[in-house]
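Coordinates as given in coords-v1.pdb (PDB, C-alpha atoms):
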ATOM      1  CA  MET A  22       0.000   0.000   0.000
ATOM      2  CA  ARG A  23       1.176   3.503  -0.794
ATOM      3  CA  ILE A  24      -0.108   6.858   0.399
ATOM      4  CA  VAL A  25       0.261  10.072  -1.592
ATOM      5  CA  CYS A  26       1.365  12.572   1.035
ATOM      6  CA  PRO A  27       0.085  16.040   0.061
ATOM      7  CA  PHE A  28       3.496  17.444   1.025
ATOM      8  CA  CYS A  29       5.961  14.725  -0.083
ATOM      9  CA  GLY A  30       4.234  12.801  -2.876
ATOM     10  CA  GLU A  31       3.779   9.040  -3.144
ATOM     11  CA  ARG A  32       5.454   7.088  -0.327
ATOM     12  CA  GLU A  33       5.484   3.517   0.915
ATOM     13  CA  LEU A  34       3.372   2.409   3.849
ATOM     14  CA  GLY A  35       6.440   1.922   6.082
ATOM     15  CA  GLU A  36       6.872   5.682   6.421
ATOM     16  CA  PHE A  37       3.396   6.062   7.943
ATOM     17  CA  THR A  38       1.795   5.220  11.265
ATOM     18  CA  TYR A  39      -1.931   4.552  11.643
ATOM     19  CA  LEU A  40      -3.877   6.311  14.385
ATOM     20  CA  GLY A  41      -7.504   5.435  13.656
ATOM     21  CA  ASP A  42     -10.908   6.929  12.966
ATOM     22  CA  ALA A  43     -10.773  10.646  12.139
ATOM     23  CA  LYS A  44     -14.499  11.177  12.779
ATOM     24  CA  PRO A  45     -14.787  11.476  16.578
ATOM     25  CA  GLN A  46     -14.748  15.095  17.725
ATOM     26  CA  ARG A  47     -13.776  16.018  21.257
ATOM     27  CA  PRO A  48     -17.018  16.894  23.093
ATOM     28  CA  ALA A  49     -17.517  20.275  24.756
ATOM     29  CA  ALA A  50     -16.377  20.511  28.383
ATOM     30  CA  ASP A  51     -20.003  20.480  29.595
ATOM     31  CA  ALA A  52     -21.217  17.726  27.236
ATOM     32  CA  GLY A  53     -21.615  15.142  29.963
ATOM     33  CA  GLU A  54     -20.241  11.708  30.744
ATOM     34  CA  ASP A  55     -22.028   9.798  27.974
ATOM     35  CA  ALA A  56     -20.594  12.041  25.258
ATOM     36  CA  VAL A  57     -17.072  11.639  26.664
ATOM     37  CA  TYR A  58     -17.534   7.860  26.927
ATOM     38  CA  ASP A  59     -18.607   7.733  23.273
ATOM     39  CA  TYR A  60     -15.655   9.883  22.214
ATOM     40  CA  VAL A  61     -13.049   7.850  24.089
ATOM     41  CA  TYR A  62     -14.306   4.281  23.671
ATOM     42  CA  LEU A  63     -16.965   3.808  21.002
ATOM     43  CA  ARG A  64     -15.802   3.243  17.432
ATOM     44  CA  ASP A  65     -17.645   2.257  14.266
ATOM     45  CA  ASN A  66     -16.352  -0.878  12.554
ATOM     46  CA  VAL A  67     -16.736   0.440   9.026
ATOM     47  CA  ALA A  68     -16.789  -1.876   6.006
ATOM     48  CA  GLY A  69     -16.207   0.580   3.170
ATOM     49  CA  PRO A  70     -14.825   4.123   2.853
ATOM     50  CA  MET A  71     -13.540   5.436   6.170
ATOM     51  CA  SER A  72     -11.856   8.669   7.222
ATOM     52  CA  GLU A  73      -8.656   7.939   9.158
ATOM     53  CA  HIS A  74      -5.703   9.759  10.685
ATOM     54  CA  TRP A  75      -2.226   8.714   9.528
ATOM     55  CA  TYR A  76       1.116  10.158  10.638
ATOM     56  CA  HIS A  77       3.944  10.593   8.141
ATOM     57  CA  GLY A  78       6.609  10.036  10.802
ATOM     58  CA  GLY A  79       9.152   8.551   8.402
ATOM     59  CA  GLY A  80       8.907  11.635   6.200
ATOM     60  CA  CYS A  81       7.651  15.187   6.747
ATOM     61  CA  ARG A  82       6.084  14.419  10.160
ATOM     62  CA  ALA A  83       2.688  15.814   9.181
ATOM     63  CA  TRP A  84      -0.634  14.351  10.303
ATOM     64  CA  LEU A  85      -2.870  13.415   7.408
ATOM     65  CA  LYS A  86      -6.551  12.662   6.950
ATOM     66  CA  VAL A  87      -6.871   9.674   4.626
ATOM     67  CA  THR A  88     -10.099   8.327   3.121
ATOM     68  CA  ARG A  89      -9.549   4.585   2.744
ATOM     69  CA  ASN A  90     -11.897   1.788   1.735
ATOM     70  CA  THR A  91     -11.420  -0.828   4.446
ATOM     71  CA  LEU A  92     -12.580  -3.601   2.101
ATOM     72  CA  THR A  93     -10.219  -2.868  -0.806
ATOM     73  CA  HIS A  94      -7.563  -0.568   0.736
ATOM     74  CA  GLU A  95      -8.323   1.863  -2.070
ATOM     75  CA  ILE A  96      -7.416   5.389  -0.983
ATOM     76  CA  SER A  97      -9.708   8.008  -2.500
ATOM     77  CA  ALA A  98      -8.456  11.163  -0.744
ATOM     78  CA  VAL A  99      -5.540  12.401   1.341
ATOM     79  CA  GLU A 100      -5.477  15.833   2.915
ATOM     80  CA  PRO A 101      -3.481  17.524   5.683
ATOM     81  CA  ALA A 102      -5.104  17.044   9.090
ATOM     82  CA  ALA A 103      -6.292  20.151  10.914
ATOM     83  CA  GLY A 104      -3.260  22.077  12.158
ATOM     84  CA  ALA A 105      -0.682  20.380   9.881
ATOM     85  CA  GLY A 106       2.382  22.543   9.296
ATOM     86  CA  ALA A 107       1.797  26.088  10.500
ATOM     87  CA  ALA A 108      -1.875  26.110   9.499
ATOM     88  CA  LYS A 109      -4.280  27.400  12.094
ATOM     89  CA  VAL A 110      -6.091  24.482  13.724
ATOM     90  CA  GLY A 111      -9.214  23.644  11.748
ATOM     91  CA  ALA A 112      -8.150  25.785   8.792
TER
ATOM     92  CA  MET B  87      35.039  21.102  41.020
ATOM     93  CA  ALA B  88      36.262  19.166  38.043
ATOM     94  CA  GLU B  89      36.941  21.141  34.915
ATOM     95  CA  PHE B  90      35.377  19.946  31.716
ATOM     96  CA  SER B  91      36.714  20.473  28.267
ATOM     97  CA  TRP B  92      34.371  19.294  25.558
ATOM     98  CA  ASP B  93      36.043  17.248  22.921
ATOM     99  CA  VAL B  94      34.013  17.942  19.787
ATOM    100  CA  ARG B  95      33.956  14.827  17.654
ATOM    101  CA  SER B  96      32.004  13.730  14.643
ATOM    102  CA  PRO B  97      29.357  11.053  15.335
ATOM    103  CA  LEU B  98      31.170   9.057  12.627
ATOM    104  CA  ASP B  99      34.578   9.523  14.234
ATOM    105  CA  ARG B 100      34.898   5.826  15.116
ATOM    106  CA  ALA B 101      33.116   4.299  12.124
ATOM    107  CA  LEU B 102      34.722   6.308   9.344
ATOM    108  CA  ILE B 103      38.027   4.903   8.119
ATOM    109  CA  ALA B 104      39.348   6.969   5.241
ATOM    110  CA  GLY B 105      40.579   5.006   2.244
ATOM    111  CA  SER B 106      39.065   2.423  -0.022
ATOM    112  CA  TYR B 107      36.531  -0.240   0.884
ATOM    113  CA  GLY B 108      34.882  -3.168  -0.852
ATOM    114  CA  ALA B 109      35.478  -4.186  -4.458
ATOM    115  CA  GLN B 110      38.879  -3.331  -5.891
ATOM    116  CA  GLY B 111      39.376  -1.182  -8.976
ATOM    117  CA  ASP B 112      37.626   2.057  -9.903
ATOM    118  CA  ALA B 113      35.343   2.971  -7.032
ATOM    119  CA  GLY B 114      31.704   3.339  -8.076
ATOM    120  CA  VAL B 115      30.718   5.217  -4.926
ATOM    121  CA  ALA B 116      32.433   8.050  -3.055
ATOM    122  CA  LEU B 117      31.367   8.659   0.547
ATOM    123  CA  THR B 118      32.394  11.921   2.174
ATOM    124  CA  GLU B 119      31.372  12.979   5.623
ATOM    125  CA  ILE B 120      31.118  16.778   5.883
ATOM    126  CA  ARG B 121      32.159  17.955   9.331
ATOM    127  CA  ASP B 122      31.858  21.130  11.339
ATOM    128  CA  PHE B 123      28.813  22.807   9.768
ATOM    129  CA  ASP B 124      26.082  25.100  11.081
ATOM    130  CA  LEU B 125      22.556  23.736  10.770
ATOM    131  CA  VAL B 126      19.435  25.537  11.959
ATOM    132  CA  GLN B 127      15.860  24.259  11.772
ATOM    133  CA  VAL B 128      13.354  27.030  10.973
ATOM    134  CA  MET B 129       9.674  26.225  11.649
ATOM    135  CA  ALA B 130       6.869  28.716  11.073
ATOM    136  CA  ARG B 131       4.721  29.482  14.079
ATOM    137  CA  ARG B 132       0.991  28.767  13.982
ATOM    138  CA  GLY B 133      -0.569  30.888  11.227
ATOM    139  CA  LYS B 134       2.739  32.665  10.468
ATOM    140  CA  ALA B 135       3.915  30.780   7.374
ATOM    141  CA  ALA B 136       3.602  33.847   5.123
ATOM    142  CA  GLU B 137       5.594  35.990   7.570
ATOM    143  CA  MET B 138       8.328  33.331   7.727
ATOM    144  CA  VAL B 139       8.544  33.255   3.923
ATOM    145  CA  LYS B 140       8.964  37.054   3.898
ATOM    146  CA  ALA B 141      11.580  36.948   6.672
ATOM    147  CA  ALA B 142      13.569  34.269   4.818
ATOM    148  CA  GLN B 143      13.433  36.263   1.604
ATOM    149  CA  ALA B 144      14.743  39.340   3.438
ATOM    150  CA  ARG B 145      17.499  37.382   5.225
ATOM    151  CA  PHE B 146      18.753  35.196   2.382
ATOM    152  CA  GLY B 147      17.660  37.156  -0.703
ATOM    153  CA  ILE B 148      15.991  34.043  -2.064
ATOM    154  CA  ALA B 149      12.644  32.341  -1.497
ATOM    155  CA  ALA B 150      12.831  29.513   1.042
ATOM    156  CA  PRO B 151      11.621  26.209  -0.431
ATOM    157  CA  GLU B 152       7.891  25.549   0.056
ATOM    158  CA  THR B 153       8.002  22.185  -1.722
ATOM    159  CA  PRO B 154      10.548  19.355  -1.339
ATOM    160  CA  LYS B 155      13.653  20.969  -2.807
ATOM    161  CA  ALA B 156      16.923  22.584  -1.777
ATOM    162  CA  VAL B 157      18.022  26.035  -2.935
ATOM    163  CA  ASP B 158      21.527  27.473  -2.725
ATOM    164  CA  THR B 159      22.558  31.007  -1.930
ATOM    165  CA  ALA B 160      26.157  32.214  -2.088
ATOM    166  CA  ASP B 161      26.942  30.840   1.380
ATOM    167  CA  THR B 162      24.001  28.659   2.495
ATOM    168  CA  ALA B 163      21.713  25.896   1.391
ATOM    169  CA  LEU B 164      18.023  26.112   2.349
ATOM    170  CA  ILE B 165      16.565  22.628   2.470
ATOM    171  CA  TRP B 166      12.846  21.816   2.750
ATOM    172  CA  SER B 167      12.217  19.537   5.734
ATOM    173  CA  GLY B 168       8.408  19.485   5.990
ATOM    174  CA  PRO B 169       5.375  21.740   5.620
ATOM    175  CA  ASP B 170       6.214  25.332   6.633
ATOM    176  CA  GLN B 171       9.729  24.434   7.756
ATOM    177  CA  PHE B 172      13.242  24.255   6.326
ATOM    178  CA  LEU B 173      16.871  23.766   7.331
ATOM    179  CA  VAL B 174      19.626  26.360   6.940
ATOM    180  CA  LEU B 175      22.963  24.676   6.218
ATOM    181  CA  SER B 176      26.130  26.779   6.197
ATOM    182  CA  LYS B 177      29.763  27.043   7.263
ATOM    183  CA  GLY B 178      31.846  29.669   8.953
ATOM    184  CA  GLY B 179      29.432  31.057  11.547
ATOM    185  CA  LYS B 180      27.506  33.502   9.341
ATOM    186  CA  HIS B 181      24.173  31.709   9.711
ATOM    187  CA  THR B 182      24.254  30.286  13.216
ATOM    188  CA  ILE B 183      21.115  30.255  15.347
ATOM    189  CA  GLU B 184      22.324  33.436  17.077
ATOM    190  CA  ALA B 185      22.831  35.161  13.727
ATOM    191  CA  LEU B 186      19.387  34.128  12.431
ATOM    192  CA  ALA B 187      17.352  34.744  15.582
ATOM    193  CA  ALA B 188      16.619  38.431  14.944
ATOM    194  CA  ALA B 189      15.428  37.801  11.391
ATOM    195  CA  PHE B 190      12.726  35.352  12.452
ATOM    196  CA  VAL B 191      11.406  37.011  15.618
ATOM    197  CA  GLY B 192       7.648  36.428  15.776
ATOM    198  CA  SER B 193       7.398  34.384  12.575
ATOM    199  CA  ALA B 194       9.326  31.169  13.217
ATOM    200  CA  SER B 195      10.890  29.048  15.923
ATOM    201  CA  LEU B 196      14.545  28.122  15.469
ATOM    202  CA  SER B 197      16.350  25.045  16.714
ATOM    203  CA  ASP B 198      20.111  24.516  16.488
ATOM    204  CA  GLN B 199      20.832  21.142  14.833
ATOM    205  CA  SER B 200      24.552  21.732  14.117
ATOM    206  CA  HIS B 201      25.746  18.918  16.357
ATOM    207  CA  ALA B 202      22.536  16.887  16.145
ATOM    208  CA  ARG B 203      23.021  15.596  12.602
ATOM    209  CA  ALA B 204      25.699  14.006  10.513
ATOM    210  CA  LEU B 205      26.058  15.082   6.892
ATOM    211  CA  ILE B 206      27.096  12.468   4.350
ATOM    212  CA  SER B 207      27.734  13.225   0.700
ATOM    213  CA  ILE B 208      27.297  10.255  -1.646
ATOM    214  CA  SER B 209      28.457  10.488  -5.244
ATOM    215  CA  GLY B 210      29.731   8.405  -8.117
ATOM    216  CA  ASP B 211      28.331   6.474 -11.062
ATOM    217  CA  LYS B 212      26.974   3.763  -8.739
ATOM    218  CA  ALA B 213      25.600   6.147  -6.096
ATOM    219  CA  ARG B 214      22.081   5.860  -7.455
ATOM    220  CA  ALA B 215      22.225   2.059  -7.666
ATOM    221  CA  MET B 216      23.476   1.891  -4.086
ATOM    222  CA  LEU B 217      20.802   4.278  -2.777
ATOM    223  CA  ALA B 218      18.097   2.325  -4.591
ATOM    224  CA  LYS B 219      18.787  -0.572  -2.225
ATOM    225  CA  LEU B 220      18.031   1.631   0.784
ATOM    226  CA  SER B 221      15.393   4.083  -0.409
ATOM    227  CA  SER B 222      11.914   3.568  -1.815
ATOM    228  CA  ILE B 223      11.768   6.969  -3.498
ATOM    229  CA  ASP B 224      12.362   7.374  -7.214
ATOM    230  CA  LEU B 225      15.895   8.696  -7.752
ATOM    231  CA  HIS B 226      15.790   8.516 -11.547
ATOM    232  CA  PRO B 227      17.652  11.556 -12.960
ATOM    233  CA  ASP B 228      14.458  12.798 -14.643
ATOM    234  CA  LYS B 229      12.463  12.559 -11.407
ATOM    235  CA  PHE B 230      14.990  13.486  -8.717
ATOM    236  CA  ARG B 231      16.812  16.359 -10.387
ATOM    237  CA  VAL B 232      19.557  18.601  -9.045
ATOM    238  CA  GLY B 233      17.944  20.556  -6.203
ATOM    239  CA  ALA B 234      15.279  17.939  -5.429
ATOM    240  CA  ALA B 235      14.879  17.098  -1.735
ATOM    241  CA  ALA B 236      12.972  14.557   0.330
ATOM    242  CA  ALA B 237      12.160  13.956   3.968
ATOM    243  CA  THR B 238      12.157  10.193   3.982
ATOM    244  CA  SER B 239      13.483   7.073   5.689
ATOM    245  CA  MET B 240      16.386   4.745   4.998
ATOM    246  CA  ASP B 241      16.813   1.546   6.957
ATOM    247  CA  HIS B 242      13.967   2.692   9.279
ATOM    248  CA  THR B 243      15.908   5.879  10.020
ATOM    249  CA  SER B 244      14.523   9.341   9.253
ATOM    250  CA  ILE B 245      16.760  11.293   6.906
ATOM    251  CA  THR B 246      16.773  14.433   4.814
ATOM    252  CA  LEU B 247      18.026  13.687   1.314
ATOM    253  CA  TRP B 248      18.729  16.171  -1.450
ATOM    254  CA  ARG B 249      20.583  16.194  -4.737
ATOM    255  CA  GLY B 250      23.490  18.617  -4.910
ATOM    256  CA  LYS B 251      25.204  19.977  -7.980
ATOM    257  CA  ASP B 252      26.806  17.268 -10.111
ATOM    258  CA  ARG B 253      30.510  16.625  -9.614
ATOM    259  CA  ALA B 254      33.003  18.152 -12.048
ATOM    260  CA  ASP B 255      33.087  14.783 -13.849
ATOM    261  CA  GLY B 256      29.290  14.862 -14.269
ATOM    262  CA  GLN B 257      28.506  12.233 -11.625
ATOM    263  CA  PRO B 258      25.471  12.873  -9.390
ATOM    264  CA  VAL B 259      25.837  13.982  -5.764
ATOM    265  CA  PHE B 260      23.340  13.052  -3.049
ATOM    266  CA  ASN B 261      23.527  14.744   0.346
ATOM    267  CA  LEU B 262      22.080  13.033   3.372
ATOM    268  CA  LEU B 263      21.412  14.413   6.842
ATOM    269  CA  VAL B 264      20.831  11.834   9.554
ATOM    270  CA  PHE B 265      20.353  12.123  13.325
ATOM    271  CA  ALA B 266      23.784  11.948  14.978
ATOM    272  CA  THR B 267      22.903   8.965  17.137
ATOM    273  CA  PHE B 268      21.724   6.979  14.102
ATOM    274  CA  ALA B 269      24.641   8.022  11.891
ATOM    275  CA  GLU B 270      26.942   5.127  12.724
ATOM    276  CA  SER B 271      24.233   2.530  12.124
ATOM    277  CA  LEU B 272      23.243   4.052   8.787
ATOM    278  CA  TRP B 273      26.907   4.450   7.830
ATOM    279  CA  HIS B 274      27.498   0.718   8.178
ATOM    280  CA  THR B 275      24.340  -0.023   6.179
ATOM    281  CA  ILE B 276      25.533   2.324   3.432
ATOM    282  CA  LEU B 277      28.970   0.670   3.405
ATOM    283  CA  ASP B 278      27.385  -2.781   3.098
ATOM    284  CA  SER B 279      25.241  -1.594   0.200
ATOM    285  CA  ALA B 280      28.147   0.116  -1.557
ATOM    286  CA  ALA B 281      30.820  -2.559  -1.057
ATOM    287  CA  GLU B 282      30.076  -4.419  -4.296
ATOM    288  CA  TYR B 283      30.741  -1.235  -6.312
ATOM    289  CA  GLY B 284      33.948  -0.247  -4.511
ATOM    290  CA  VAL B 285      33.955   2.777  -2.188
ATOM    291  CA  THR B 286      36.271   5.727  -1.624
ATOM    292  CA  ILE B 287      35.842   7.077   1.914
ATOM    293  CA  THR B 288      36.908  10.550   3.016
ATOM    294  CA  HIS B 289      35.857  13.321   5.348
ATOM    295  CA  SER B 290      35.921  16.989   4.578
ATOM    296  CA  GLU B 291      35.467  20.345   6.265
ATOM    297  CA  LYS B 292      34.015  21.859   3.098
ATOM    298  CA  LEU B 293      30.394  21.930   1.999
ATOM    299  CA  ALA B 294      30.075  20.536  -1.500
TER
END
If you convert what's in this file into structure tokens, what do you get?
Amino acid sequence: MRIVCPFCGERELGEFTYLGDAKPQRPAADAGEDAVYDYVYLRDNVAGPMSEHWYHGGGCRAWLKVTRNTLTHEISAVEPAAGAGAAKVGA
Amino acid sequence: MAEFSWDVRSPLDRALIAGSYGAQGDAGVALTEIRDFDLVQVMARRGKAAEMVKAAQARFGIAAPETPKAVDTADTALIWSGPDQFLVLSKGGKHTIEALAAAFVGSASLSDQSHARALISISGDKARAMLAKLSSIDLHPDKFRVGAAAATSMDHTSITLWRGKDRADGQPVFNLLVFATFAESLWHTILDSAAEYGVTITHSEKLA
């Protein structure tokens, strides 16, 4: 498997580290225990396209958001994660 | 109290034995460790990438690389090392972290890497064949041209690789920065890979 890093270009899988699902968003401070439990522990087991965080630690050290089909490993999109480089978080 | 005197040594001091190595005859690979350089990491602060670009232009008179490449000025090389960051490589104390600090106030954070990396210059007509054993990136002359750079890994070790100006005899030159503590390990791996082509080993105080 190869990932096309938006900063470096096409690189082999060995340069990347997998984090996991990119969907969960940290709940607001007053969201309550159930929301925090969901955020920390509950994950969807997706069969199909999934948004994931990958770290290009063996290269430019940027966090990436990768859309990968878990059935075929086909990667349909790669973009910098929020805050990659000097970008403002969320920009 | 005991008095300390720091003995500045290259991280390759023990491993590097100048001379020839491997196959006899015309050496296909030349390995030169460059010693005693100034290296500063420049990283833009959050939301300040444009300011850093302007500051670099003012300081060096040339645009800092914003894509994987290395650009030369009269007395430095600016090498891309990741998004919104680059390395300043120089000799002679003109571009030390102290000298650069004022230029990047407010726009970038600087980190002195002078003694944190080893710099290895790899050249020769078999340099590309040797590197192909260690690197998964495409080093074909049409793809990885003079001035191309990459933040990548060799032998599970993070490196910064860029192609310098060709040697006077037209052979390609690849420069490699590696963390000092990994330098000896990678050096031995490089020697193993290069042995079949014959190697000439030297060290130099001069930047190529």
Would you compute the distance between atom CA of Gln110 of chain B and atom CA of Gly284 of chain B? Give it in Å to one decimal.
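According to the coordinates, atom CA of Gln110 of chain B and atom CA of Gly284 of chain B are separated by 6.0 Å.
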Mind pulling up the distance from atom CA of Thr246 of chain B to atom CA of Phe268 of chain B?
12.9 Å
Enumerate, as an MDAnalysis selection string, the protein, DNA and RNA residues whose atoms approach (-0.3, 4.4, 9.4) to within 12 Å, taking into account only C-alpha atoms and the coordinate frame of the file.
chainID A and resid 22:24 26 32:42 73:79 82:87 89
Exercise answer, chain A residues close to chain B, 6 Å and only C-alpha atoms, as a ChimeraX atom specification:
/A:79-81,106-109
List the neighbours of Pro151 of chain B out to 8 Å using all atoms listed in the file; skip same-chain residues closer than 2 positions along the sequence, and give me the result as a count of residues only.
10
Hey, which of B:Lys292, B:Lys219, B:His201, B:Arg249 ends up closest to Val94 of chain B? Count all atoms listed in the file.
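Under the stated criterion, the closest residue is B:His201.
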I would like the residues chosen by the PyMOL selection byres ((chain A and resi 71) around 10) on the shown file; could you give them as an mmCIF file with C-alpha atoms, in the coordinates of the input?
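Okay, expr_5.cif is ready:
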data_model
loop_
_atom_site.group_PDB
_atom_site.id
_atom_site.type_symbol
_atom_site.label_atom_id
_atom_site.label_comp_id
_atom_site.auth_asym_id
_atom_site.auth_seq_id
_atom_site.Cartn_x
_atom_site.Cartn_y
_atom_site.Cartn_z
ATOM 1 C CA GLY A 41 -7.504 5.435 13.656
ATOM 2 C CA ASP A 42 -10.908 6.929 12.966
ATOM 3 C CA ALA A 43 -10.773 10.646 12.139
ATOM 4 C CA LYS A 44 -14.499 11.177 12.779
ATOM 5 C CA ASP A 65 -17.645 2.257 14.266
ATOM 6 C CA ASN A 66 -16.352 -0.878 12.554
ATOM 7 C CA VAL A 67 -16.736 0.440 9.026
ATOM 8 C CA ALA A 68 -16.789 -1.876 6.006
ATOM 9 C CA GLY A 69 -16.207 0.580 3.170
ATOM 10 C CA PRO A 70 -14.825 4.123 2.853
ATOM 11 C CA SER A 72 -11.856 8.669 7.222
ATOM 12 C CA GLU A 73 -8.656 7.939 9.158
ATOM 13 C CA VAL A 87 -6.871 9.674 4.626
ATOM 14 C CA THR A 88 -10.099 8.327 3.121
ATOM 15 C CA ARG A 89 -9.549 4.585 2.744
ATOM 16 C CA ASN A 90 -11.897 1.788 1.735
ATOM 17 C CA THR A 91 -11.420 -0.828 4.446
ATOM 18 C CA LEU A 92 -12.580 -3.601 2.101
ATOM 19 C CA ILE A 96 -7.416 5.389 -0.983
ATOM 20 C CA SER A 97 -9.708 8.008 -2.500
#
Suppose a student applies the PyMOL selection byres ((chain B and resi 196) around 9) to this structure; what residues should they get, written as a ChimeraX atom specification?
/B:126-130,183,186-187,190,194-195,197-198
I need the residue set behind the PyMOL selection byres ((chain B and resi 102-104) around 12) for this file; please write it as a ChimeraX atom specification.
/B:95-101,105-107,116-121,204,206,269-274,276-277,285-290
Which one of A:Val110, A:Gln46, A:His94, A:Asp51 sits closest to Leu63 of chain A if you count only C-alpha atoms?
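Checking each candidate against Leu63 of chain A, we get A:Gln46 as the closest.
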How far is it from atom CA of Asp252 of chain B to atom CA of Ser221 of chain B, in Å with one decimal?
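Atom CA of Asp252 of chain B sits 20.0 Å away from atom CA of Ser221 of chain B.
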Residues near Tyr58 of chain A, cut-off 12 Å, all atoms listed in the file, skip fewer than 4 positions along chain, as a VMD selection string:
chain A and resid 45 47 to 48 52 to 54 62 to 64
Provide an axis-aligned box for all listed atoms of segment 76-92 of chain A, padding each side by 3 Å; report its centre and its edge lengths in Å to one decimal, as AutoDock Vina command-line options.
--center_x -1.7 --center_y 6.1 --center_z 6.3 --size_x 27.7 --size_y 25.4 --size_z 15.1
